[in-house]
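Colleague: File query.pdb follows (PDB, C-alpha atoms):
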MODEL        1
ATOM      1  CA  MET D   1    -149.174  99.361-138.360  1.00  0.00           C
ATOM      2  CA  THR D   2    -146.619 100.029-141.072  1.00  0.00           C
ATOM      3  CA  LEU D   3    -144.382 101.659-138.449  1.00  0.00           C
ATOM      4  CA  ILE D   4    -144.060  98.377-136.532  1.00  0.00           C
ATOM      5  CA  ASP D   5    -141.983  95.412-137.658  1.00  0.00           C
ATOM      6  CA  ARG D   6    -144.038  92.400-136.555  1.00  0.00           C
ATOM      7  CA  ALA D   7    -140.943  90.195-136.878  1.00  0.00           C
ATOM      8  CA  ASN D   8    -139.604  91.903-133.746  1.00  0.00           C
ATOM      9  CA  TYR D   9    -142.520  90.472-131.755  1.00  0.00           C
ATOM     10  CA  VAL D  10    -142.278  86.780-132.639  1.00  0.00           C
ATOM     11  CA  PRO D  11    -139.588  84.243-131.714  1.00  0.00           C
ATOM     12  CA  SER D  12    -136.736  83.995-134.199  1.00  0.00           C
ATOM     13  CA  VAL D  13    -137.933  80.564-135.374  1.00  0.00           C
ATOM     14  CA  ALA D  14    -141.249  82.118-136.471  1.00  0.00           C
ATOM     15  CA  ARG D  15    -139.870  85.206-138.230  1.00  0.00           C
ATOM     16  CA  ARG D  16    -140.471  83.763-141.712  1.00  0.00           C
ATOM     17  CA  SER D  17    -144.207  83.687-141.022  1.00  0.00           C
ATOM     18  CA  ALA D  18    -144.352  86.917-138.988  1.00  0.00           C
ATOM     19  CA  TYR D  19    -146.139  88.811-141.762  1.00  0.00           C
ATOM     20  CA  GLU D  20    -148.906  86.284-142.348  1.00  0.00           C
ATOM     21  CA  ASP D  21    -152.389  87.365-141.310  1.00  0.00           C
ATOM     22  CA  ALA D  22    -152.579  84.610-138.735  1.00  0.00           C
ATOM     23  CA  PRO D  23    -151.817  84.186-135.037  1.00  0.00           C
ATOM     24  CA  GLN D  24    -148.236  83.146-134.299  1.00  0.00           C
ATOM     25  CA  GLY D  25    -146.949  81.208-131.302  1.00  0.00           C
ATOM     26  CA  ILE D  26    -144.778  83.237-128.919  1.00  0.00           C
ATOM     27  CA  GLY D  27    -144.141  80.481-126.389  1.00  0.00           C
ATOM     28  CA  TYR D  28    -145.753  79.559-123.068  1.00  0.00           C
ATOM     29  CA  ASN D  29    -148.904  78.425-124.900  1.00  0.00           C
ATOM     30  CA  ALA D  30    -149.574  82.028-125.949  1.00  0.00           C
ATOM     31  CA  THR D  31    -149.930  83.714-129.345  1.00  0.00           C
ATOM     32  CA  ILE D  32    -149.582  87.103-130.944  1.00  0.00           C
ATOM     33  CA  SER D  33    -152.926  87.845-132.579  1.00  0.00           C
ATOM     34  CA  ALA D  34    -153.338  88.037-136.329  1.00  0.00           C
ATOM     35  CA  PRO D  35    -152.715  91.525-137.743  1.00  0.00           C
ATOM     36  CA  HIS D  36    -156.372  91.908-138.715  1.00  0.00           C
ATOM     37  CA  MET D  37    -157.343  91.416-135.060  1.00  0.00           C
ATOM     38  CA  HIS D  38    -154.909  94.137-133.961  1.00  0.00           C
ATOM     39  CA  ALA D  39    -156.372  96.421-136.638  1.00  0.00           C
ATOM     40  CA  PHE D  40    -159.892  95.588-135.432  1.00  0.00           C
ATOM     41  CA  ALA D  41    -158.985  96.417-131.817  1.00  0.00           C
ATOM     42  CA  ALA D  42    -157.226  99.635-132.835  1.00  0.00           C
ATOM     43  CA  GLU D  43    -160.238 100.733-134.869  1.00  0.00           C
ATOM     44  CA  LEU D  44    -162.567 100.196-131.904  1.00  0.00           C
ATOM     45  CA  LEU D  45    -160.241 102.003-129.479  1.00  0.00           C
ATOM     46  CA  LEU D  46    -159.188 104.878-131.733  1.00  0.00           C
ATOM     47  CA  PRO D  47    -162.019 107.291-130.782  1.00  0.00           C
ATOM     48  CA  TYR D  48    -160.858 107.061-127.133  1.00  0.00           C
ATOM     49  CA  LEU D  49    -157.132 107.536-127.737  1.00  0.00           C
ATOM     50  CA  ASN D  50    -156.900 111.223-126.925  1.00  0.00           C
ATOM     51  CA  HIS D  51    -154.380 113.744-125.593  1.00  0.00           C
ATOM     52  CA  GLY D  52    -153.135 112.733-122.147  1.00  0.00           C
ATOM     53  CA  CYS D  53    -155.065 109.473-121.931  1.00  0.00           C
ATOM     54  CA  SER D  54    -154.010 106.228-120.325  1.00  0.00           C
ATOM     55  CA  VAL D  55    -154.546 102.948-122.162  1.00  0.00           C
ATOM     56  CA  MET D  56    -154.220  99.401-120.834  1.00  0.00           C
ATOM     57  CA  ASP D  57    -153.695  96.131-122.712  1.00  0.00           C
ATOM     58  CA  VAL D  58    -154.474  93.105-120.542  1.00  0.00           C
ATOM     59  CA  GLY D  59    -152.605  90.013-121.700  1.00  0.00           C
ATOM     60  CA  SER D  60    -150.076  92.126-123.571  1.00  0.00           C
ATOM     61  CA  GLY D  61    -148.047  89.070-124.626  1.00  0.00           C
ATOM     62  CA  SER D  62    -145.405  90.061-127.162  1.00  0.00           C
ATOM     63  CA  GLY D  63    -145.921  93.813-126.734  1.00  0.00           C
ATOM     64  CA  TYR D  64    -147.074  94.354-130.322  1.00  0.00           C
ATOM     65  CA  LEU D  65    -150.365  96.051-129.426  1.00  0.00           C
ATOM     66  CA  LEU D  66    -148.507  98.305-126.974  1.00  0.00           C
ATOM     67  CA  ALA D  67    -146.338  99.478-129.872  1.00  0.00           C
ATOM     68  CA  LEU D  68    -149.407 100.078-132.010  1.00  0.00           C
ATOM     69  CA  LEU D  69    -151.156 102.032-129.254  1.00  0.00           C
ATOM     70  CA  ASN D  70    -147.995 104.092-128.791  1.00  0.00           C
ATOM     71  CA  TYR D  71    -148.277 105.335-132.369  1.00  0.00           C
ATOM     72  CA  LEU D  72    -152.025 105.976-132.124  1.00  0.00           C
ATOM     73  CA  VAL D  73    -152.081 108.022-128.903  1.00  0.00           C
ATOM     74  CA  PRO D  74    -151.078 111.669-129.502  1.00  0.00           C
ATOM     75  CA  ARG D  75    -147.594 112.511-128.203  1.00  0.00           C
ATOM     76  CA  THR D  76    -148.529 115.911-126.838  1.00  0.00           C
ATOM     77  CA  SER D  77    -148.728 115.026-123.154  1.00  0.00           C
ATOM     78  CA  ARG D  78    -146.367 113.646-120.520  1.00  0.00           C
ATOM     79  CA  ASN D  79    -149.388 112.174-118.733  1.00  0.00           C
ATOM     80  CA  THR D  80    -149.976 109.566-121.414  1.00  0.00           C
ATOM     81  CA  ARG D  81    -149.460 105.990-120.228  1.00  0.00           C
ATOM     82  CA  ILE D  82    -149.680 102.857-122.334  1.00  0.00           C
ATOM     83  CA  VAL D  83    -149.692  99.953-119.892  1.00  0.00           C
ATOM     84  CA  GLY D  84    -149.387  96.266-120.648  1.00  0.00           C
ATOM     85  CA  VAL D  85    -150.304  93.710-118.005  1.00  0.00           C
ATOM     86  CA  GLU D  86    -149.015  90.194-118.635  1.00  0.00           C
ATOM     87  CA  HIS D  87    -149.432  87.243-116.266  1.00  0.00           C
ATOM     88  CA  ILE D  88    -146.535  85.217-117.705  1.00  0.00           C
ATOM     89  CA  LYS D  89    -143.328  86.710-116.309  1.00  0.00           C
ATOM     90  CA  GLU D  90    -141.168  85.534-119.217  1.00  0.00           C
ATOM     91  CA  LEU D  91    -143.524  87.110-121.765  1.00  0.00           C
ATOM     92  CA  ALA D  92    -143.559  90.390-119.845  1.00  0.00           C
ATOM     93  CA  SER D  93    -139.747  90.441-120.000  1.00  0.00           C
ATOM     94  CA  ALA D  94    -139.702  89.381-123.648  1.00  0.00           C
ATOM     95  CA  SER D  95    -142.177  92.109-124.592  1.00  0.00           C
ATOM     96  CA  ILE D  96    -139.838  94.738-123.139  1.00  0.00           C
ATOM     97  CA  ASP D  97    -137.019  93.309-125.253  1.00  0.00           C
ATOM     98  CA  ASN D  98    -139.291  93.258-128.312  1.00  0.00           C
ATOM     99  CA  LEU D  99    -140.289  96.902-127.851  1.00  0.00           C
ATOM    100  CA  LYS D 100    -136.631  97.909-127.490  1.00  0.00           C
ATOM    101  CA  ARG D 101    -135.697  95.901-130.592  1.00  0.00           C
ATOM    102  CA  ASP D 102    -138.415  97.792-132.471  1.00  0.00           C
ATOM    103  CA  GLY D 103    -136.978 101.175-131.469  1.00  0.00           C
ATOM    104  CA  LEU D 104    -139.246 101.984-128.521  1.00  0.00           C
ATOM    105  CA  GLY D 105    -136.637 101.893-125.744  1.00  0.00           C
ATOM    106  CA  ARG D 106    -136.993 105.616-125.120  1.00  0.00           C
ATOM    107  CA  GLU D 107    -140.743 105.253-124.572  1.00  0.00           C
ATOM    108  CA  LEU D 108    -140.054 102.506-122.023  1.00  0.00           C
ATOM    109  CA  GLU D 109    -137.429 104.628-120.255  1.00  0.00           C
ATOM    110  CA  ASN D 110    -139.597 107.733-119.984  1.00  0.00           C
ATOM    111  CA  GLY D 111    -142.646 105.762-118.801  1.00  0.00           C
ATOM    112  CA  ARG D 112    -144.872 106.374-121.810  1.00  0.00           C
ATOM    113  CA  ILE D 113    -144.981 102.583-122.267  1.00  0.00           C
ATOM    114  CA  GLY D 114    -144.898 100.233-119.285  1.00  0.00           C
ATOM    115  CA  VAL D 115    -145.119  96.475-118.958  1.00  0.00           C
ATOM    116  CA  ILE D 116    -146.252  94.959-115.679  1.00  0.00           C
ATOM    117  CA  HIS D 117    -146.098  91.319-114.683  1.00  0.00           C
ATOM    118  CA  GLY D 118    -149.354  90.599-112.889  1.00  0.00           C
ATOM    119  CA  ASP D 119    -152.877  89.277-112.942  1.00  0.00           C
ATOM    120  CA  GLY D 120    -154.700  91.168-115.683  1.00  0.00           C
ATOM    121  CA  ARG D 121    -158.046  90.616-113.983  1.00  0.00           C
ATOM    122  CA  ASN D 122    -156.812  93.145-111.422  1.00  0.00           C
ATOM    123  CA  GLY D 123    -155.727  95.619-114.078  1.00  0.00           C
ATOM    124  CA  CYS D 124    -153.335  98.327-112.934  1.00  0.00           C
ATOM    125  CA  SER D 125    -154.984 100.955-110.765  1.00  0.00           C
ATOM    126  CA  GLU D 126    -151.828 103.107-110.637  1.00  0.00           C
ATOM    127  CA  PHE D 127    -152.578 104.805-113.973  1.00  0.00           C
ATOM    128  CA  ALA D 128    -156.387 104.649-113.866  1.00  0.00           C
ATOM    129  CA  PRO D 129    -158.698 105.910-115.070  1.00  0.00           C
ATOM    130  CA  TYR D 130    -158.080 104.481-118.523  1.00  0.00           C
ATOM    131  CA  SER D 131    -159.661 105.912-121.628  1.00  0.00           C
ATOM    132  CA  ALA D 132    -159.357 102.523-123.302  1.00  0.00           C
ATOM    133  CA  ILE D 133    -158.790  98.977-122.073  1.00  0.00           C
ATOM    134  CA  HIS D 134    -158.177  96.007-124.356  1.00  0.00           C
ATOM    135  CA  VAL D 135    -158.333  92.428-123.077  1.00  0.00           C
ATOM    136  CA  GLY D 136    -156.737  89.898-125.407  1.00  0.00           C
ATOM    137  CA  ALA D 137    -158.111  86.643-123.977  1.00  0.00           C
ATOM    138  CA  ALA D 138    -161.651  85.486-123.377  1.00  0.00           C
ATOM    139  CA  ALA D 139    -163.078  86.064-119.938  1.00  0.00           C
ATOM    140  CA  PRO D 140    -166.030  84.187-118.420  1.00  0.00           C
ATOM    141  CA  CYS D 141    -167.672  87.540-117.647  1.00  0.00           C
ATOM    142  CA  ILE D 142    -166.944  91.240-117.862  1.00  0.00           C
ATOM    143  CA  PRO D 143    -164.247  91.910-115.219  1.00  0.00           C
ATOM    144  CA  VAL D 144    -165.702  94.351-112.658  1.00  0.00           C
ATOM    145  CA  THR D 145    -162.241  95.556-111.575  1.00  0.00           C
ATOM    146  CA  LEU D 146    -161.480  96.661-115.130  1.00  0.00           C
ATOM    147  CA  ILE D 147    -164.793  98.506-115.374  1.00  0.00           C
ATOM    148  CA  GLN D 148    -163.889 100.328-112.158  1.00  0.00           C
ATOM    149  CA  GLN D 149    -160.588 101.416-113.751  1.00  0.00           C
ATOM    150  CA  LEU D 150    -162.269 102.650-116.930  1.00  0.00           C
ATOM    151  CA  GLY D 151    -162.771 106.381-117.334  1.00  0.00           C
ATOM    152  CA  SER D 152    -165.903 108.080-118.569  1.00  0.00           C
ATOM    153  CA  PRO D 153    -166.086 108.275-121.471  1.00  0.00           C
ATOM    154  CA  GLY D 154    -164.085 105.129-122.026  1.00  0.00           C
ATOM    155  CA  ARG D 155    -164.083 101.881-123.934  1.00  0.00           C
ATOM    156  CA  LEU D 156    -163.415  98.347-122.717  1.00  0.00           C
ATOM    157  CA  ILE D 157    -162.957  95.613-125.310  1.00  0.00           C
ATOM    158  CA  VAL D 158    -163.119  92.104-123.892  1.00  0.00           C
ATOM    159  CA  PRO D 159    -164.147  88.842-125.552  1.00  0.00           C
ATOM    160  CA  VAL D 160    -166.672  87.219-123.218  1.00  0.00           C
ATOM    161  CA  ASP D 161    -166.931  83.438-123.389  1.00  0.00           C
ATOM    162  CA  ARG D 162    -170.488  82.293-123.825  1.00  0.00           C
ATOM    163  CA  PRO D 163    -171.706  78.724-123.279  1.00  0.00           C
ATOM    164  CA  ALA D 164    -170.897  76.429-126.220  1.00  0.00           C
ATOM    165  CA  GLY D 165    -167.670  78.340-126.948  1.00  0.00           C
ATOM    166  CA  ASN D 166    -169.260  81.334-128.646  1.00  0.00           C
ATOM    167  CA  TYR D 167    -167.511  84.651-128.043  1.00  0.00           C
ATOM    168  CA  GLN D 168    -169.047  88.068-127.915  1.00  0.00           C
ATOM    169  CA  TYR D 169    -167.015  91.263-127.858  1.00  0.00           C
ATOM    170  CA  VAL D 170    -168.338  93.891-125.472  1.00  0.00           C
TER     171      VAL D 170
ENDMDL
END
Would you encode the structure as structure tokens?

Modeller:
Amino acid sequence: MTLIDRANYVPSVARRSAYEDAPQGIGYNATISAPHMHAFAAELLLPYLNHGCSVMDVGSGSGYLLALLNYLVPRTSRNTRIVGVEHIKELASASIDNLKRDGLGRELENGRIGVIHGDGRNGCSEFAPYSAIHVGAAAPCIPVTLIQQLGSPGRLIVPVDRPAGNYQYV
């Protein structure tokens, strides 16, 4: 995480608070998660981030977690894909700009990192199977389509909304 400048992933008006361990607004009623949540996700995914794997971040927002995954997946294979799926077109475009601003333009150009505007519930079958899938927003249930795109072994992290607003990570 020390290789990534979080200020590159928040709007310029929020840059003073970019390093706080708290979610930050990125526009369109969306947030970049608190750094401790990114660390938590990375820790859970790390055992599945192997040579040549594909990884997907659903609701990739600012692109910050894509940058983090880029540094965690070994660089020894051209088959590696780190895919972000974002349903808000403007955030998908902004995340590409953010990644470039943070020095990851080459990874975008060579296809190691990709950002797709689309419905995250559908995932991105083009680069499946995925060794790891992270979903950033609560879902009412475990998305079957994402399970179908998950490799074996693989790990899917998704907060599932339970009645009364309680969340469980599965």

Colleague: Residues within 7 Å of segment 64-69 of chain D, please, as a ChimeraX atom specification. Count all atoms listed in the file; anything in the same chain fewer than 3 positions from it doesn't count.

Modeller: /D:1,9,38,72-73,82,84,99

Colleague: Please identify all polymer residues within 8 Å of segment 42-58 of chain D, counting only C-alpha atoms, omitting same-chain residues fewer than 6 positions from it, and present them as a count of residues only.

Modeller: 35

Colleague: For a quick check of understanding, using all atoms listed in the file, which of D:Ala41, D:Val160, D:Ile88, D:Ala94 has the smallest distance to Pro11 of chain D?

Modeller: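 For Pro11 of chain D, the nearest of the candidates is D:Ala94.
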
Colleague: I would like the residues chosen by the PyMOL selection byres ((chain D and resi 97) around 12) on the shown file; could you give them as a list in words?

Modeller: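 Taken over the shown coordinates, the PyMOL selection byres ((chain D and resi 97) around 12) returns Asn8, Tyr9, Val10, Pro11, Gly61, Ser62, Gly63, Tyr64, Glu90, Leu91, Ala92, Ser93, Ala94, Ser95, Ile96, Asn98, Leu99, Lys100, Arg101, Asp102, Gly103, Leu104, Gly105, Leu108 and Val115 of chain D.
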
Colleague: How many Å lie between atom CA of Gln149 of chain D and atom CA of Asp161 of chain D, rounded to one decimal?

Modeller: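 Distance reported for this atom pair: 21.4 Å.
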
Colleague: With a distance cut-off of 12 Å and all atoms listed in the file, select the neighbouring residues of segment 14-17 of chain D, excluding the residue or stretch itself and same-chain residues fewer than 5 positions from it, and output the selection as a compact mmCIF listing (two decimals) with C-alpha atoms, in the frame of the given file.

Modeller:
# COMPACT_ATOMS: atom_id res chain seq x y z
CA ASP D 5 -141.98 95.41 -137.66
CA ARG D 6 -144.04 92.40 -136.56
CA ALA D 7 -140.94 90.20 -136.88
CA ASN D 8 -139.60 91.90 -133.75
CA TYR D 9 -142.52 90.47 -131.76
CA ALA D 22 -152.58 84.61 -138.74
CA PRO D 23 -151.82 84.19 -135.04
CA GLN D 24 -148.24 83.15 -134.30
CA GLY D 25 -146.95 81.21 -131.30
CA ILE D 26 -144.78 83.24 -128.92
CA GLY D 27 -144.14 80.48 -126.39
CA THR D 31 -149.93 83.71 -129.34
CA ILE D 32 -149.58 87.10 -130.94
CA ALA D 34 -153.34 88.04 -136.33

Colleague: Could you jot down the atom CA of Ala137 of chain D to atom CA of Pro159 of chain D separation for me, Å, one decimal place?

Modeller: 6.6 Å

Colleague: Quick one: pull the distance between atom CA of Thr2 of chain D and atom CA of Gly59 of chain D, Å, one decimal.

Modeller: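 Interatomic distance, atom CA of Thr2 of chain D to atom CA of Gly59 of chain D: 22.6 Å.
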
Colleague: Identify which of the residues D:Ala18, D:Pro35, D:Ala30, D:Arg112 lies closest to Tyr71 of chain D, counting only C-alpha atoms when measuring atom-to-atom distances.

Modeller: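 Nearest to Tyr71 of chain D: D:Arg112.
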
Colleague: Taking all listed atoms of segment 117-122 of chain D, build the axis-aligned box, pad each of the six sides by 8 Å, then write its centre and edge lengths in Å to one decimal as AutoDock Vina command-line options.

Modeller:
--center_x -152.1 --center_y 91.2 --center_z -113.6 --size_x 27.9 --size_y 19.9 --size_z 20.3

Colleague: Which one of D:Glu126, D:Lys89, D:Val158, D:Arg106 sits closest to Pro140 of chain D if you count all atoms listed in the file?

Modeller: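 Selected residue with least distance to Pro140 of chain D: D:Val158.
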